[in-house]
Amino acid sequence: MEANPSLLETVGVGDLVLLDPLSEESLLQNLKERFKHQEIYTYIGNVVISVNPYKPLPIYSPETVEEYRNCSFFALKPHIYAIADDAYRSLRDRDRDQCILITGESGAGKTEASKQVMSFVAAVCGKGEEVNQVKEQLLKSNPVLEAFGNAKTIRNDNSSRFGKYMDVAFNFKGEPLGGVISNYLLEKSRVVRHVKGERNFHIFYQLLAGGSDQLLRELKLQRDCGRYGYLGRDGASLPGVDDAANFRAIEDAMRVIGFSPAEVRALLEVTAVVLKLGNVQLTSQFEASGVESCSIQETQALREICQQIGLEDSVLERALCSRTVEAKKEKVVMSLNISQGYYGRDALAKNIYNRLFNWLVNRINESIKVDTSEQRKVMGVLDIYGFEIFQDNSFEQFVINYCNEKLQQVFILMTLKEEQEEYVREGIQWTPVAFFDNSIICSLIEDSKAGILAMLDEECLRPGLVNEGTFLGKLDQVFASHKHYESRATQNAQRIMDASLAGTCFRIHHYAGKVTYNVTGFVEKNNDLLFRDLSQAMWKTRHALLRSFFPEGDPQKASLRRPPTAGSQFKSSVATLTKNLYSKNPNYIRCIKPNDRKQPFVFMDELVQMQVRYLGLLENVRVRRAGYAYRQGYEPCLERYKMLCRQTWPKWKGSARDGVQTLLSDLCIPSAELAYGRTKIFIRSPSTLFDLEERRRLRVAELATLIQKMYRGWKCRTHYQLMRKSQIIISAWFRGYAQKKRYGQMKMSVLLIQAYIRGWKARKLLQELKHEKHQSKASAIIAAYWKGYKTRKKYRKYFRSVASVTLANFIYRRLVQKFFLGLKNNLPPMLVTDRTWPAAPYKFLANTNEELKKIFYPWKCKKYRDQMTPQRKAVLQDKLCASELFKGKKALYAKSVQQPFQGEYLGLQKNPKYRTLHAAAEGKLVLADTVRKVNRANGKTVPQLFLLTKAHIILADPKAAQPKTVISLSDVNRVSVTRFSDGFFVLHLNETSRVGTKGDFLLISDHLIEVVTRLHQTLLETTQKTLDLQVADEFSTQFSKGSVAIRVVETAEKKGTAPVCKKKGSRTMEVLVH
Ligand SMILES: Nc1ncnc2c1ncn2[C@@H]1O[C@H](COP(=O)(O)OP(=O)(O)O)[C@@H](O)[C@H]1O
Ligand SMILES: [Mg+2]
């Protein structure tokens, strides 16, 4: 056989199958050798042997988990993780339910092993929030159950005092979904009693050590363990164990699992009640009748309990101290003696605790139960109390050992017997290996008719005096010659003297050794009776949880039927368990205890030898060696490996067996490695199997790649085809659309062209028609004229030829007459200033009307003139002359129009003062007025009398009234005036004249217009010359001292200041006017 290198590399041999030579000594030696080198795990094929090191080892780290994860079983050093991984993968990949059976003596490391398996599975079974929560809950259930169900024993500081089987359900991906925990027979007697050096259940110590002061106060507990009768006086604390920390840990664990604070509280209250029941002390007394009775010695503890659970003290007291018995349908109250009283008290405590524990398991199950209907696979982990041999073994040990016996049977059946039988069945050549079959011991205990349990039940049910003596007698009788049964009676029969076997004991030769059981208490423990008065009292409490533990206390539901005995209950639950285990693929962890002193790395040969022997390890190795590591039906085998050979892949047409044969020969597996059974193929060494598995793994990866490739190809193709199809559809639609659009455009163009052509044609037609119409009209007119002409010609001789002219003239005349008459009646007003004239009513009268208008105005003027007097006419002539001179030239003119020319302003004739002057101008005077003469030197003015005659201009001083200066009119050369409305004027004189030498005169007159007009008229009349009048803003004057420029300057109007003259230098004079 080819050995796996890693198994050879370690100390000794890793797999006992490889041990050579094989004997009990060599096997032991190998285990010892390995153990010394801290190799605590050894294989027998796929069974793991674990030797308890009693010392933490660094082999459970996350790195180790990673190492063993997904690694083939034999590829690494033996480890418990390898079997856990193998089981988990088998569950996940091969879809097979698994169970992990952990067996061994108490303290051999079963519970530790189960935790390691669970933690490994938890580490590898997927991730995610939900998955983690489930894992947490599953893992946390353990410390809670351990607190309530484990205790320190002599063998083990943390000994499980109940059996536990946990089914963990996984989905197809290998993720945990939840689980179910089953518990088996809690060792409840420990609640009230335990051997010296042991402890009660951990929870009591943990509660007292770790509960907060407030909690203890509320529960009415005291921290000191010594105060509680049930906890014993010694061994309260354990070295290396922190009860207080553990209490906090379980509180946390319960929260994680989903316990509500109220539930935790109720749980602890009930626990406290159990603890305090132990402190209820009784005293004995004698009644008057001489009957012994008991009563409560000290009511403190009782009162506290009753307060806590809401019950009247008297009710509990009565239930503890008396008992109601029904006799002939009559109820009689009997008082109990002191031992009966204590018995009742302890039974109550045990019952409460036991029911509390069951409730706890159910409550945890409720939290971790699987709530999907998803298909699931199950992995069961069995950690049950180990085989126990004590000094004094009672009913509990008997039951525990029975359970272990059954598990050994499962092991034997599934590994040794079943295997060998299978070889025979399959027709494989086989030399049988002898092994001890313990079914004889199992039936000794469990046989439904003649089994010890059946007989115990019978004894319990039997009316009359019942005691253990009769029970033992019966056993002696039935099993007198049984090989595995021994007692004083059977020994006596064989004349054997054995002091170790007391009269009250019987001995069973278990597979793991002989155990002597003391029958005392068997009947009572099997009956497991609780006085009805106590259960009824409990039912009356107001504590909901406690009350729910005792449904039978309800008087309405009270039934007289006995509950099943403890023994039969246990038997049936063990039967269910074994059935469950048979339905699954088993994985074994066999724990060995190397010493019974809990000493690290101490190997006691004898102790181990005994375990090796009763565990049947040697036989196990032999069978394993002779046999085949692996077997499988042809069909599933072909199904699993058919991809490794061309002929069988993908489909094999012949029989499955031929297929497997073809397959394996194709793979060149040596024939020594194989055996072909009737229905199964057998493979001898695991390495061959691993080789096959490895090849399969590679091939599967290859196939997966192929499938992936094909699938991807297919996907791409279909995708491409789809795209192509879509593209064609799109292009078809697009082309259709483009063509339609083009067609639409063409149609539009055609219609347009059509419309134009039609329009053009229609227009042409219309033209033609119009033309035709015109023609016909013209021809009709021509014809009409022609006809008219012809007719007129024909009838002319009958009419007067000038009639129309006469008629026309008549009408014309009439119109003219009407026009003229209208004009005559509505002539415009005769005002000379009015120039209005009506418009002509007819166009042909327009010229006439214009002519008339032209005639009418001069006529109107003539008429106006004709009616005027000669004086008026003269005045107007003067005014006309003034207008001709000044109109539009000097601003003063407009003001002067209204002023009549008076000529004589001085009154020469009337005023005698002016007689001289009057004489000088006699008969020739034209105008007399006062003017202001401007001094040529400084511009100042002086008044002067100014006279104009038909020959002269005379200037005279007003006071003297004598002519001062006489200017002949012929000497007047020119007159200059300004544009403004002032009276300033310059008389320019001929230089050659006599007066002229003095220079020109600058004068200011209030009647300038009249003065200049008269001067002009006079000049014209006398000399036939017109006056040279200059209207300007600047002019030069001739003074005696030379010429001076006069500049007219316009200023703002100032009242009363006539033009002011200012001399500016010698050559300029400014005249300020406004
Ligand atoms: N693999 C191990 N490594 C270290 N110590 C171990 C191991 N297995 C068991 N032990 C020690 O042995 C003690 C008893 O183990 P336990 O599993 O409770 O025994 P069992 O359940 O078989 O009665 C544990 O408390 C622990 O100290
Ligand atoms: Mg245990």
# chains A, B, ... in the order shown; residues from 1 in each chain; ligands from 1
call {"tool": "residues_around", "arguments": {"residues": "Ile49 of chain A", "least_positions_apart": "2", "cutoff": "12 Å", "atoms": "only C-alpha atoms", "output": "PyMOL selection string"}}
result
chain A and resi 14-16+27-28+30-31+34-35+39-47+51-52+78-80+83+101-104+108-110+113+587-594+608+611-612+615-617+620-621
call {"tool": "residues_around", "arguments": {"residues": "Lys173 of chain A", "least_positions_apart": "4", "cutoff": "10 Å", "atoms": "only C-alpha atoms", "output": "MDAnalysis selection string"}}
result
chainID A and resid 92:93 125:126 376
call {"tool": "write_last_selection", "arguments": {"atoms": "N, CA and C atoms", "output": "PDB file, in the first residue's frame"}}
result
ATOM      1  N   ARG A  92     -21.601  19.306   2.014  1.00  0.00           N
ATOM      2  CA  ARG A  92     -21.847  20.378   1.046  1.00  0.00           C
ATOM      3  C   ARG A  92     -21.764  19.873  -0.397  1.00  0.00           C
ATOM      4  N   ASP A  93     -20.736  19.061  -0.663  1.00  0.00           N
ATOM      5  CA  ASP A  93     -20.487  18.693  -2.058  1.00  0.00           C
ATOM      6  C   ASP A  93     -21.155  17.385  -2.467  1.00  0.00           C
ATOM      7  N   CYS A 125     -17.883  27.994   7.058  1.00  0.00           N
ATOM      8  CA  CYS A 125     -19.164  27.816   6.369  1.00  0.00           C
ATOM      9  C   CYS A 125     -19.792  29.114   5.897  1.00  0.00           C
ATOM     10  N   GLY A 126     -19.062  29.916   5.226  1.00  0.00           N
ATOM     11  CA  GLY A 126     -19.682  31.075   4.579  1.00  0.00           C
ATOM     12  C   GLY A 126     -19.707  32.290   5.482  1.00  0.00           C
ATOM     13  N   ARG A 376     -32.396  21.328   2.914  1.00  0.00           N
ATOM     14  CA  ARG A 376     -31.259  21.441   3.829  1.00  0.00           C
ATOM     15  C   ARG A 376     -30.585  20.105   4.077  1.00  0.00           C
TER      16      ARG A 376
END
call {"tool": "residues_near_ligand", "arguments": {"ligand": "ligand 1", "cutoff": "7 Å", "atoms": "only C-alpha atoms and all ligand atoms", "output": "count of residues only"}}
result
23
call {"tool": "residues_around", "arguments": {"residues": "segment 886-894 of chain A", "least_positions_apart": "3", "cutoff": "10 Å", "atoms": "only C-alpha atoms", "output": "JSON, numbers by chain"}}
result
{"A": [880, 881, 882, 883, 897, 898, 899, 977, 978, 979, 980, 981, 982, 983, 1007, 1008, 1009, 1010, 1012, 1013, 1029, 1030, 1031, 1032]}
call {"tool": "write_last_selection", "arguments": {"atoms": "N, CA, C and O atoms", "output": "short mmCIF file (atom, residue, chain, number, x, y, z; two decimals), in the first residue's frame"}}
result
data_model
loop_
_atom_site.label_atom_id
_atom_site.label_comp_id
_atom_site.auth_asym_id
_atom_site.auth_seq_id
_atom_site.Cartn_x
_atom_site.Cartn_y
_atom_site.Cartn_z
N LEU A 880 -47.56 155.33 -46.90
CA LEU A 880 -47.06 154.38 -47.90
C LEU A 880 -45.60 154.64 -48.16
O LEU A 880 -44.78 153.71 -48.24
N CYS A 881 -45.29 155.97 -48.22
CA CYS A 881 -43.89 156.31 -48.44
C CYS A 881 -43.02 155.79 -47.30
O CYS A 881 -41.96 155.22 -47.52
N ALA A 882 -43.53 156.00 -46.04
CA ALA A 882 -42.78 155.49 -44.88
C ALA A 882 -42.59 153.99 -44.96
O ALA A 882 -41.52 153.45 -44.68
N SER A 883 -43.64 153.35 -45.40
CA SER A 883 -43.56 151.87 -45.50
C SER A 883 -42.51 151.46 -46.50
O SER A 883 -41.75 150.54 -46.27
N VAL A 897 -46.77 152.81 -37.41
CA VAL A 897 -47.90 152.71 -38.35
C VAL A 897 -49.16 153.35 -37.77
O VAL A 897 -49.88 154.07 -38.45
N GLN A 898 -49.40 153.11 -36.51
CA GLN A 898 -50.61 153.61 -35.87
C GLN A 898 -50.58 155.13 -35.61
O GLN A 898 -51.61 155.77 -35.45
N GLN A 899 -49.37 155.67 -35.52
CA GLN A 899 -49.28 157.11 -35.16
C GLN A 899 -49.46 157.97 -36.42
O GLN A 899 -48.70 157.79 -37.38
N VAL A 977 -29.67 155.31 -40.10
CA VAL A 977 -30.46 154.92 -38.91
C VAL A 977 -30.06 153.50 -38.47
O VAL A 977 -29.42 152.77 -39.22
N THR A 978 -30.44 153.19 -37.25
CA THR A 978 -30.17 151.80 -36.78
C THR A 978 -31.32 150.89 -37.17
O THR A 978 -32.34 151.37 -37.63
N ARG A 979 -31.11 149.51 -36.92
CA ARG A 979 -32.18 148.54 -37.24
C ARG A 979 -33.22 148.55 -36.15
O ARG A 979 -34.29 147.99 -36.29
N PHE A 980 -32.90 149.14 -35.01
CA PHE A 980 -33.73 148.92 -33.80
C PHE A 980 -34.83 149.94 -33.67
O PHE A 980 -35.01 150.80 -34.52
N SER A 981 -35.55 149.87 -32.58
CA SER A 981 -36.71 150.76 -32.45
C SER A 981 -36.34 152.05 -31.71
O SER A 981 -37.08 152.53 -30.88
N ASP A 982 -35.16 152.59 -32.00
CA ASP A 982 -34.72 153.84 -31.39
C ASP A 982 -34.92 155.02 -32.36
O ASP A 982 -35.26 154.79 -33.52
N GLY A 983 -34.73 156.16 -31.85
CA GLY A 983 -34.95 157.33 -32.72
C GLY A 983 -33.65 157.99 -33.18
O GLY A 983 -33.64 159.16 -33.59
N HIS A 1007 -39.99 161.07 -33.34
CA HIS A 1007 -40.82 160.76 -34.51
C HIS A 1007 -39.92 160.50 -35.69
O HIS A 1007 -40.06 161.11 -36.74
N LEU A 1008 -38.97 159.61 -35.50
CA LEU A 1008 -37.93 159.38 -36.52
C LEU A 1008 -38.51 159.04 -37.87
O LEU A 1008 -38.13 159.62 -38.89
N ILE A 1009 -39.52 158.09 -37.89
CA ILE A 1009 -40.08 157.62 -39.16
C ILE A 1009 -40.64 158.80 -39.93
O ILE A 1009 -40.37 158.98 -41.13
N GLU A 1010 -41.47 159.61 -39.22
CA GLU A 1010 -42.10 160.78 -39.87
C GLU A 1010 -41.05 161.74 -40.38
O GLU A 1010 -41.12 162.20 -41.55
N VAL A 1012 -37.84 161.24 -41.19
CA VAL A 1012 -37.08 160.76 -42.37
C VAL A 1012 -37.99 160.71 -43.59
O VAL A 1012 -37.58 161.11 -44.69
N THR A 1013 -39.29 160.22 -43.41
CA THR A 1013 -40.21 160.13 -44.53
C THR A 1013 -40.43 161.53 -45.14
O THR A 1013 -40.37 161.73 -46.36
N LEU A 1029 -30.93 156.55 -47.83
CA LEU A 1029 -31.14 156.11 -46.45
C LEU A 1029 -30.33 154.84 -46.16
O LEU A 1029 -30.40 153.87 -46.91
N GLN A 1030 -29.53 154.95 -45.14
CA GLN A 1030 -28.70 153.77 -44.80
C GLN A 1030 -29.18 153.19 -43.46
O GLN A 1030 -29.25 153.90 -42.47
N VAL A 1031 -29.55 151.88 -43.51
CA VAL A 1031 -29.94 151.20 -42.25
C VAL A 1031 -28.80 150.21 -41.92
O VAL A 1031 -28.56 149.27 -42.69
N ALA A 1032 -28.05 150.51 -40.86
CA ALA A 1032 -26.89 149.65 -40.59
C ALA A 1032 -26.55 149.66 -39.10
O ALA A 1032 -27.08 150.47 -38.34
#
call {"tool": "atom_distance", "arguments": {"atom1": "atom CA of Gly163 of chain A", "atom2": "atom CA of Asn183 of chain A"}}
result
5.4 Å
